[in-house]
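Just final-v1.tsv here, TSV, C-alpha atoms:
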```
chain	number	residue	atom	x	y	z
Q	1	MET	CA	163.49	106.04	106.32
Q	2	ASN	CA	160.31	107.69	105.08
Q	3	PRO	CA	157.34	105.59	106.34
Q	4	VAL	CA	155.59	105.84	102.95
Q	5	VAL	CA	158.63	104.39	101.16
Q	6	LEU	CA	158.86	101.73	103.85
Q	7	TYR	CA	155.15	100.92	103.37
Q	8	LEU	CA	155.64	100.54	99.61
Q	9	LEU	CA	158.68	98.28	100.06
Q	10	LEU	CA	156.87	96.07	102.59
Q	11	LEU	CA	153.74	96.05	100.42
Q	12	LYS	CA	155.85	94.87	97.47
Q	13	ALA	CA	157.17	92.03	99.63
Q	14	ALA	CA	153.65	91.12	100.81
Q	15	LEU	CA	152.30	91.12	97.25
Q	16	THR	CA	155.01	88.72	96.08
Q	17	SER	CA	154.19	86.09	98.72
Q	18	PHE	CA	151.34	83.65	99.31
Q	19	SER	CA	151.90	83.00	103.02
Q	20	GLY	CA	153.14	85.01	105.97
Q	21	MET	CA	156.80	84.02	105.82
Q	22	THR	CA	157.56	83.75	102.10
Q	23	SER	CA	157.91	87.53	101.96
Q	24	VAL	CA	160.97	87.39	104.25
Q	25	PRO	CA	163.59	87.00	101.45
Q	26	VAL	CA	162.19	90.07	99.66
Q	27	VAL	CA	162.19	92.13	102.87
Q	28	ARG	CA	165.76	91.05	103.63
Q	29	GLU	CA	166.95	91.88	100.11
Q	30	ASP	CA	165.39	95.38	100.18
Q	31	LEU	CA	166.03	96.47	103.77
Q	32	VAL	CA	169.08	94.50	104.95
Q	33	VAL	CA	171.15	94.00	101.79
Q	34	ARG	CA	170.32	96.94	99.51
Q	35	ARG	CA	169.29	99.83	101.79
Q	36	ARG	CA	171.06	98.70	105.00
Q	37	VAL	CA	168.38	100.15	107.28
Q	38	LEU	CA	167.76	96.84	109.08
Q	39	THR	CA	170.11	94.19	110.50
Q	40	ASP	CA	169.71	90.44	110.24
Q	41	ARG	CA	169.45	90.35	114.02
Q	42	GLU	CA	166.52	92.82	114.02
Q	43	LEU	CA	164.82	90.86	111.23
Q	44	ASN	CA	165.21	87.57	113.11
Q	45	ALA	CA	163.89	89.14	116.32
Q	46	ALA	CA	160.80	90.44	114.52
Q	47	ILE	CA	160.15	87.02	112.97
Q	48	GLY	CA	160.63	85.23	116.30
Q	49	VAL	CA	158.24	87.55	118.13
Q	50	SER	CA	155.53	87.24	115.48
Q	51	ARG	CA	155.72	83.44	115.56
Q	52	ALA	CA	155.44	83.39	119.36
Q	53	ALA	CA	152.60	85.92	119.45
Q	54	PRO	CA	148.96	85.21	118.53
Q	55	GLY	CA	147.63	86.30	115.17
Q	56	PRO	CA	149.04	86.12	111.63
Q	57	ASN	CA	152.73	85.26	111.15
Q	58	GLY	CA	152.95	88.06	108.58
Q	59	LEU	CA	152.86	90.56	111.44
Q	60	TYR	CA	156.63	90.31	111.65
Q	61	MET	CA	156.45	93.34	109.30
Q	62	VAL	CA	155.22	95.41	112.26
Q	63	GLY	CA	158.44	94.60	114.12
Q	64	VAL	CA	160.50	95.27	111.00
Q	65	GLY	CA	158.75	98.61	110.52
Q	66	TYR	CA	159.39	99.61	114.14
Q	67	ALA	CA	163.08	98.68	113.88
Q	68	VAL	CA	163.46	100.78	110.71
Q	69	ALA	CA	161.32	103.85	111.46
Q	70	GLY	CA	159.87	103.70	114.97
Q	71	ILE	CA	156.11	103.92	115.57
Q	72	PRO	CA	155.32	105.35	112.09
Q	73	GLY	CA	157.28	102.42	110.67
Q	74	ALA	CA	155.28	99.94	112.78
Q	75	LEU	CA	152.07	101.48	111.41
Q	76	ALA	CA	153.47	101.25	107.87
Q	77	GLY	CA	154.23	97.56	108.50
Q	78	ALA	CA	150.71	96.89	109.77
Q	79	ALA	CA	149.21	98.66	106.75
Q	80	ALA	CA	151.41	96.64	104.38
Q	81	VAL	CA	150.25	93.38	106.00
Q	82	VAL	CA	146.54	94.13	105.71
Q	83	THR	CA	146.38	95.89	102.31
Q	84	PRO	CA	146.68	92.81	100.02
Q	85	ALA	CA	143.84	91.08	101.89
Q	86	PHE	CA	141.27	93.19	100.07
Q	87	LEU	CA	142.38	91.84	96.67
Q	88	VAL	CA	140.33	88.74	97.52
Q	89	ILE	CA	137.00	90.56	97.30
Q	90	PRO	CA	136.86	91.00	93.49
Q	91	LEU	CA	137.72	87.29	93.24
Q	92	VAL	CA	134.90	86.35	95.64
Q	93	ARG	CA	132.50	88.59	93.73
Q	94	TYR	CA	133.47	87.04	90.37
Q	95	VAL	CA	133.39	83.39	91.46
Q	96	GLY	CA	130.40	83.90	93.77
Q	97	ARG	CA	128.23	85.04	90.85
Q	98	ARG	CA	128.91	81.71	89.18
Q	99	ALA	CA	128.27	79.60	92.28
Q	100	GLY	CA	124.93	78.44	90.86
Q	101	ASN	CA	126.72	76.59	88.07
Q	102	PRO	CA	126.88	72.87	89.06
Q	103	ALA	CA	130.53	72.51	88.05
Q	104	VAL	CA	131.51	75.61	90.08
Q	105	ARG	CA	129.45	74.38	93.04
Q	106	ARG	CA	131.15	70.98	92.93
Q	107	SER	CA	134.53	72.72	92.69
Q	108	ILE	CA	133.81	74.75	95.82
Q	109	GLN	CA	132.68	71.61	97.66
Q	110	ALA	CA	135.88	69.88	96.57
Q	111	VAL	CA	137.95	72.81	97.82
Q	112	VAL	CA	136.25	72.55	101.24
Q	113	LEU	CA	137.07	68.85	101.44
Q	114	ALA	CA	140.65	69.38	100.27
Q	115	GLY	CA	140.89	72.28	102.71
Q	116	ALA	CA	140.12	69.84	105.53
Q	117	GLY	CA	143.06	67.76	104.35
Q	118	LEU	CA	145.30	70.84	104.35
Q	119	VAL	CA	144.19	71.71	107.88
Q	120	LEU	CA	145.07	68.18	109.00
Q	121	ALA	CA	148.44	68.41	107.22
Q	122	ALA	CA	149.18	71.69	109.00
Q	123	ALA	CA	148.12	70.20	112.35
Q	124	ILE	CA	150.55	67.26	112.16
Q	125	PRO	CA	153.83	69.22	112.60
Q	126	LEU	CA	152.21	71.40	115.27
Q	127	ALA	CA	151.14	68.26	117.14
Q	128	VAL	CA	154.57	66.65	116.82
Q	129	ASP	CA	156.17	69.83	118.18
Q	130	ALA	CA	153.69	70.57	120.97
Q	131	LEU	CA	152.44	67.20	122.28
Q	132	ASP	CA	155.54	66.00	124.15
Q	133	ALA	CA	153.75	64.99	127.39
Q	134	TRP	CA	150.62	62.99	128.19
Q	135	TRP	CA	148.76	65.97	129.62
Q	136	LYS	CA	149.33	67.93	126.43
Q	137	ALA	CA	147.90	65.08	124.35
Q	138	ALA	CA	144.91	65.07	126.72
Q	139	VAL	CA	144.48	68.83	126.21
Q	140	ALA	CA	144.50	68.35	122.42
Q	141	LEU	CA	141.97	65.52	122.61
Q	142	GLY	CA	139.79	67.47	125.03
Q	143	ALA	CA	139.87	70.52	122.76
Q	144	CYS	CA	138.78	68.44	119.78
Q	145	VAL	CA	135.94	66.72	121.67
Q	146	ALA	CA	134.75	69.99	123.23
Q	147	MET	CA	134.46	71.63	119.83
Q	148	VAL	CA	132.99	68.72	117.86
Q	149	VAL	CA	130.61	67.28	120.46
Q	150	ALA	CA	129.74	70.22	122.74
Q	151	LYS	CA	130.24	72.97	120.11
Q	152	VAL	CA	132.27	75.00	122.61
Q	153	ASP	CA	133.51	78.40	121.46
Q	154	PRO	CA	137.18	77.97	120.39
Q	155	VAL	CA	138.18	81.00	122.45
Q	156	TRP	CA	137.07	79.24	125.66
Q	157	VAL	CA	138.91	76.12	124.52
Q	158	ILE	CA	142.11	78.17	124.12
Q	159	VAL	CA	141.60	79.94	127.47
Q	160	ALA	CA	140.97	76.63	129.26
Q	161	ALA	CA	144.07	75.10	127.67
Q	162	GLY	CA	146.15	78.05	128.85
Q	163	LEU	CA	144.84	77.59	132.40
Q	164	VAL	CA	145.64	73.86	132.29
Q	165	GLY	CA	149.18	74.76	131.24
Q	166	LEU	CA	149.42	77.24	134.12
Q	167	VAL	CA	148.24	74.85	136.86
Q	168	HIS	CA	150.07	71.78	135.58
G	169	MET	CA	123.03	87.60	103.86
G	170	ALA	CA	123.33	87.63	107.66
G	171	ASP	CA	123.27	91.06	109.30
G	172	PRO	CA	125.00	90.76	112.68
G	173	GLY	CA	126.11	94.42	112.81
G	174	LEU	CA	129.65	95.69	112.58
G	175	ARG	CA	130.23	95.65	116.33
G	176	THR	CA	129.29	91.98	116.68
G	177	LEU	CA	131.26	91.10	113.55
G	178	ALA	CA	134.32	92.93	114.86
G	179	ALA	CA	134.03	91.21	118.23
G	180	VAL	CA	134.06	87.75	116.61
G	181	PHE	CA	137.09	88.42	114.40
G	182	LEU	CA	138.84	90.24	117.25
G	183	ARG	CA	138.43	87.26	119.58
G	184	ILE	CA	139.26	84.47	117.15
G	185	GLY	CA	141.95	86.32	115.19
G	186	ASN	CA	143.95	87.38	118.20
G	187	VAL	CA	143.84	84.45	120.60
G	188	THR	CA	144.74	81.66	118.17
G	189	PHE	CA	148.44	80.85	118.06
G	190	GLY	CA	150.36	79.06	115.31
G	191	GLY	CA	149.63	81.21	112.27
G	192	GLY	CA	146.76	81.36	109.82
G	193	ASP	CA	145.59	77.74	109.58
G	194	PRO	CA	144.44	77.38	113.22
G	195	THR	CA	142.68	80.76	113.01
G	196	ILE	CA	140.82	79.87	109.80
G	197	ALA	CA	139.92	76.50	111.33
G	198	ALA	CA	138.57	78.15	114.48
G	199	LEU	CA	136.59	80.64	112.40
G	200	HIS	CA	134.79	77.71	110.71
G	201	GLN	CA	133.38	76.75	114.10
G	202	GLU	CA	132.27	80.31	114.81
G	203	LEU	CA	131.01	81.47	111.41
G	204	VAL	CA	129.50	78.26	110.01
G	205	VAL	CA	128.66	75.96	112.93
G	206	ARG	CA	127.67	78.28	115.80
G	207	ARG	CA	126.42	81.50	114.25
G	208	ARG	CA	125.45	80.24	110.76
G	209	TRP	CA	126.52	83.51	109.16
G	210	LEU	CA	128.10	81.54	106.30
G	211	SER	CA	127.15	78.34	104.51
G	212	GLU	CA	129.72	75.59	103.97
G	213	GLU	CA	129.93	76.67	100.33
G	214	GLN	CA	130.58	80.32	101.23
G	215	TYR	CA	133.25	79.24	103.71
G	216	GLY	CA	134.83	77.06	101.02
G	217	LEU	CA	134.78	79.94	98.55
G	218	ALA	CA	136.53	82.27	101.03
G	219	PHE	CA	138.98	79.52	102.04
G	220	GLY	CA	140.00	78.64	98.50
G	221	LEU	CA	140.23	82.18	97.14
G	222	ALA	CA	142.14	83.47	100.18
G	223	ARG	CA	144.79	80.86	99.39
G	224	ILE	CA	145.43	82.29	95.95
G	225	THR	CA	145.45	85.90	97.15
G	226	PRO	CA	148.93	87.42	97.69
G	227	GLY	CA	149.88	88.41	101.21
G	228	THR	CA	148.72	86.96	104.52
G	229	ASN	CA	146.10	84.29	103.74
G	230	VAL	CA	144.23	84.53	107.03
G	231	LEU	CA	143.59	88.25	106.59
G	232	ALA	CA	142.36	87.64	103.03
G	233	PHE	CA	140.07	84.93	104.45
G	234	CYS	CA	138.72	87.35	107.08
G	235	ALA	CA	138.12	90.03	104.42
G	236	ALA	CA	136.38	87.56	102.09
G	237	ALA	CA	134.21	85.98	104.79
G	238	ALA	CA	133.21	89.32	106.31
G	239	TRP	CA	132.49	90.81	102.86
G	240	MET	CA	129.99	88.01	102.26
G	241	ILE	CA	128.42	88.71	105.66
G	242	GLN	CA	128.39	92.51	105.71
G	243	GLY	CA	129.91	94.04	102.57
G	244	TRP	CA	132.96	96.28	102.27
G	245	MET	CA	132.66	97.81	105.74
G	246	GLY	CA	132.48	94.30	107.17
G	247	ALA	CA	135.58	93.26	105.24
G	248	PHE	CA	137.53	96.29	106.41
G	249	THR	CA	136.36	95.89	110.01
G	250	ALA	CA	137.15	92.16	110.15
G	251	ALA	CA	140.61	92.42	108.62
G	252	ILE	CA	141.63	95.21	111.01
G	253	ALA	CA	140.05	93.48	114.02
G	254	ALA	CA	141.80	90.19	113.22
G	255	MET	CA	145.26	91.75	113.31
G	256	ALA	CA	145.34	95.01	115.31
G	257	PRO	CA	145.73	93.62	118.87
G	258	SER	CA	148.34	91.09	117.70
G	259	ALA	CA	150.19	93.85	115.87
G	260	VAL	CA	150.29	95.82	119.13
G	261	VAL	CA	151.69	92.74	120.93
G	262	VAL	CA	154.43	92.37	118.29
G	263	TYR	CA	155.23	96.08	118.57
G	264	LEU	CA	155.39	96.00	122.39
G	265	VAL	CA	157.67	92.97	122.49
G	266	VAL	CA	159.99	94.23	119.76
G	267	ALA	CA	160.03	97.63	121.46
G	268	GLY	CA	161.67	96.16	124.51
G	269	ASN	CA	159.32	94.16	126.67
G	270	GLU	CA	161.04	90.79	126.18
G	271	TRP	CA	160.20	89.91	129.80
G	272	MET	CA	156.92	88.52	128.48
G	273	SER	CA	158.61	85.70	126.62
G	274	ALA	CA	161.02	85.05	129.51
G	275	SER	CA	158.32	84.67	132.18
G	276	PRO	CA	157.78	81.03	133.31
G	277	TRP	CA	154.06	81.75	133.80
G	278	VAL	CA	153.72	82.99	130.24
G	279	ARG	CA	155.66	79.97	128.99
G	280	ALA	CA	153.35	77.60	130.93
G	281	VAL	CA	150.23	79.22	129.49
G	282	MET	CA	151.76	79.09	125.99
G	283	ALA	CA	152.52	75.36	126.39
G	284	GLY	CA	148.87	74.67	127.24
G	285	ILE	CA	147.63	76.76	124.32
G	286	ALA	CA	150.09	75.13	121.91
G	287	ALA	CA	148.76	71.72	122.98
G	288	ALA	CA	145.16	72.74	122.27
G	289	VAL	CA	145.87	74.07	118.77
G	290	PRO	CA	146.19	70.64	117.04
G	291	GLY	CA	142.92	69.60	118.70
G	292	VAL	CA	141.17	72.75	117.50
G	293	MET	CA	142.43	72.09	113.97
G	294	MET	CA	141.37	68.42	114.07
G	295	ALA	CA	137.89	69.47	115.21
G	296	SER	CA	137.57	71.94	112.38
G	297	ALA	CA	138.72	69.41	109.79
G	298	ILE	CA	136.06	66.99	111.08
G	299	GLN	CA	133.41	69.71	110.87
G	300	MET	CA	134.51	70.70	107.36
G	301	THR	CA	133.93	67.13	106.18
G	302	GLY	CA	130.77	66.79	108.28
G	303	SER	CA	128.40	67.35	105.39
G	304	TRP	CA	129.79	64.23	103.69
G	305	ARG	CA	126.29	62.98	103.01
G	306	ASN	CA	126.01	65.68	100.37
G	307	PHE	CA	129.21	64.53	98.71
G	308	GLY	CA	129.44	60.76	99.26
G	309	TRP	CA	132.12	58.96	101.24
G	310	LEU	CA	134.34	58.26	98.25
G	311	ARG	CA	134.57	61.98	97.43
G	312	VAL	CA	135.37	62.86	101.06
G	313	VAL	CA	138.08	60.20	101.36
G	314	ALA	CA	139.59	60.97	97.95
G	315	LEU	CA	139.67	64.75	98.28
G	316	THR	CA	140.45	65.14	101.99
G	317	GLY	CA	142.84	62.19	102.09
G	318	GLY	CA	144.43	63.19	98.78
G	319	ALA	CA	145.03	66.75	99.97
G	320	LEU	CA	146.51	65.46	103.24
G	321	PHE	CA	148.79	63.08	101.35
G	322	CYS	CA	149.93	65.65	98.78
G	323	SER	CA	150.54	68.34	101.39
G	324	HIS	CA	152.13	66.36	104.21
G	325	TRP	CA	154.00	63.61	102.39
G	326	LEU	CA	154.64	65.09	98.93
G	327	HIS	CA	155.12	68.64	100.33
G	328	TRP	CA	152.96	70.23	97.66
G	329	PRO	CA	152.16	73.92	98.37
G	330	PRO	CA	148.47	74.65	99.15
G	331	VAL	CA	147.67	76.46	95.88
G	332	PRO	CA	148.27	73.47	93.53
G	333	VAL	CA	146.51	71.13	95.99
G	334	LEU	CA	143.40	73.31	95.99
G	335	GLY	CA	143.65	73.85	92.24
G	336	ALA	CA	143.73	70.11	91.64
G	337	ALA	CA	140.78	69.62	94.01
G	338	ALA	CA	138.77	72.33	92.24
G	339	PHE	CA	139.43	70.67	88.87
G	340	ILE	CA	138.54	67.19	90.16
G	341	GLY	CA	135.37	68.59	91.74
G	342	ALA	CA	134.34	70.24	88.49
G	343	VAL	CA	134.74	67.11	86.35
G	344	TRP	CA	133.54	64.51	88.93
G	345	PRO	CA	129.75	64.28	88.48
G	346	GLU	CA	127.52	63.82	91.54
```

Structure re-expressed in structure tokens:
Amino acid sequence: MNPVVLYLLLLKAALTSFSGMTSVPVVREDLVVRRRVLTDRELNAAIGVSRAAPGPNGLYMVGVGYAVAGIPGALAGAAAVVTPAFLVIPLVRYVGRRAGNPAVRRSIQAVVLAGAGLVLAAAIPLAVDALDAWWKAAVALGACVAMVVAKVDPVWVIVAAGLVGLVH
Amino acid sequence: MADPGLRTLAAVFLRIGNVTFGGGDPTIAALHQELVVRRRWLSEEQYGLAFGLARITPGTNVLAFCAAAAWMIQGWMGAFTAAIAAMAPSAVVVYLVVAGNEWMSASPWVRAVMAGIAAAVPGVMMASAIQMTGSWRNFGWLRVVALTGGALFCSHWLHWPPVPVLGAAAFIGAVWPE
């Protein structure tokens, strides 16, 4: 498949979703069902790898692109993942100009506070899935304390946690 | 506007964007620590603006967040640099594994390291949530409890998607006088 066509199809899928994985049905419909250039097995493998790897979940499109069109396809997938991100800038520019308005300022503050609640909500299933031993709970607690109290760089927290996993 | 230089900016988004497992939420949470708490490149309000607007942008939210945050720090070049830096190494990892190097996921050493990292992620997210509500004195306790607790309740127990939760919070914030 032509990488440009592949890019446009993946971009369409990315533009119709609001999180990394909600584009999957669109990708499947276009590439597996209609054009038959991808199998369900290849799609599942790409999704599984992206969830196990660091970075955004939406990067499964890189694996999809590689499966369909080799290295040019992988590049097309990466480009399709990153392109919609820049749509946020006109929004930031528009709302940012009005940030001096008290109602807008209070709205932004409220979004920060609600955002903390969303972060906690997202942490709960990850904790339930990951913290199945006492040492893992200790790692989670230690990570939280290190960041809040000692202001440790999160990268060092992640590296230290990986080392604890290795030596345990 | 802070002026850290593109190289420093890229290094920060490269490190945080590509070592944080579990998708966009842990990455955005870890970036709060780096951009707001440690380096003070963004204010809490700027972070909140990027956080909220990235949620309503189509595509991968964390990349939209990186573009928005870096645009406020260093303009269009910053946005472009940050978005690419936050995904390129991870994209290479996905490519390498899909291309045939599945041994990585089968290695017991890799699995042990991943287990440790997965355990730290909830702690990192908890820390960031605490820091995001840390300026409660500016808001008042009732506002913190209502908005943070309400968002947690609506998202976790009522399974509301993030966009309506943040939309409701923005509306409540606008009409709730200080």

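Between Val49 in chain Q and the residues G:Ala319, G:Val266, G:Leu310, G:Pro290, the shortest atom-to-atom distance, using all atoms listed in the file, involves G:Val266.
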
Taking only residues of chain Q that have an atom at most 6 Å from an atom of chain G, what is each one's shortest atom pair and its distance in Å to one decimal, using all atoms listed in the file, in chain and number order, as CSV?
```
residue,atom,partner,partner_atom,distance
Q:Ala14,CA,G:Gly227,CA,4.7
Q:Leu15,CA,G:Pro226,CA,5.0
Q:Ser17,CA,G:Gly227,CA,5.5
Q:Phe18,CA,G:Pro226,CA,4.8
Q:Ser19,CA,G:Thr228,CA,5.3
Q:Gly20,CA,G:Thr228,CA,5.0
Q:Ser50,CA,G:Val262,CA,6.0
Q:Pro54,CA,G:Phe189,CA,4.4
Q:Gly55,CA,G:Asn186,CA,4.9
Q:Pro56,CA,G:Gly191,CA,5.0
Q:Asn57,CA,G:Gly191,CA,5.2
Q:Gly58,CA,G:Thr228,CA,6.0
Q:Gly63,CA,G:Tyr263,CA,5.7
Q:Pro84,CA,G:Gly227,CA,5.6
Q:Ala85,CA,G:Ala232,CA,3.9
Q:Val88,CA,G:Thr225,CA,5.9
Q:Ile89,CA,G:Ala236,CA,5.7
Q:Ala103,CA,G:Ala342,CA,4.5
Q:Arg106,CA,G:Gly341,CA,5.0
Q:Ser107,CA,G:Ala338,CA,4.3
Q:Ile108,CA,G:Gly216,CA,5.8
Q:Ala110,CA,G:Gly341,CA,5.0
Q:Val111,CA,G:Ala338,CA,5.7
Q:Val112,CA,G:Gly216,CA,4.7
Q:Leu113,CA,G:Thr316,CA,5.0
Q:Ala114,CA,G:Thr316,CA,4.6
Q:Ala116,CA,G:Ala297,CA,4.5
Q:Gly117,CA,G:Leu320,CA,4.3
Q:Leu118,CA,G:Leu320,CA,5.6
Q:Ala121,CA,G:His324,CA,5.2
Q:Ala123,CA,G:Pro290,CA,5.1
Q:Ala127,CA,G:Pro290,CA,5.5
Q:Ala130,CA,G:Ala287,CA,5.4
Q:Leu131,CA,G:Ala287,CA,5.9
Q:Lys136,CA,G:Ala287,CA,5.2
Q:Val139,CA,G:Ala288,CA,5.6
Q:Ala140,CA,G:Gly291,CA,4.2
Q:Leu141,CA,G:Gly291,CA,5.7
Q:Ala143,CA,G:Gly291,CA,5.2
Q:Cys144,CA,G:Gly291,CA,4.4
Q:Val148,CA,G:Ala295,CA,5.6
Q:Ile158,CA,G:Ile285,CA,5.7
Q:Ala161,CA,G:Gly284,CA,4.8
Q:Gly162,CA,G:Val281,CA,4.3
Q:Gly165,CA,G:Gly284,CA,4.0
Q:Leu166,CA,G:Ala280,CA,5.1
```

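Of the residues under consideration (Q:Ile124, Q:Ala76, Q:Val159, Q:Val81), Q:Ala76 shows the shortest atom-to-atom contact distance to Asn2 in chain Q when counting all atoms listed in the file.
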
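Each of Q:Ala150, Q:Met61, Q:Leu11, Q:Asp30 was checked against Leu43 in chain Q using all atoms listed in the file; the smallest atom-to-atom distance is that of Q:Met61.
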
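Distance-wise, CA of Pro172 in chain G and CA of Trp209 in chain G end up 8.2 Å apart.
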
Atom-to-atom span, CA of Asn101 in chain Q and CA of Gly115 in chain Q, Å: 20.8 Å

message: Could you list, as a list in words, every residue within 10 Å of Leu174 in chain G, counting only C-alpha atoms and ignoring same-chain residues fewer than 2 positions away?
response: Asp171, Pro172, Thr176, Leu177, Ala178, Ala179, Val180, Ala238, Ile241, Gln242, Met245, Gly246, Ala247, Thr249 and Ala250 of chain G

Enclose range 256-262 of chain G, meaning all of its atoms listed in the file, in a box aligned along x, y and z, pad it by 8 Å on each side, and list the centre and edge lengths in Å to one decimal, as lines of an AutoDock Vina configuration file.
```
center_x = 149.9
center_y = 93.5
center_z = 118.1
size_x = 25.1
size_y = 20.7
size_z = 21.6
```

task: Measure the distance from CA of Trp328 in chain G to CA of Ala13 in chain Q in Å and round it to one decimal.
output: 22.3 Å
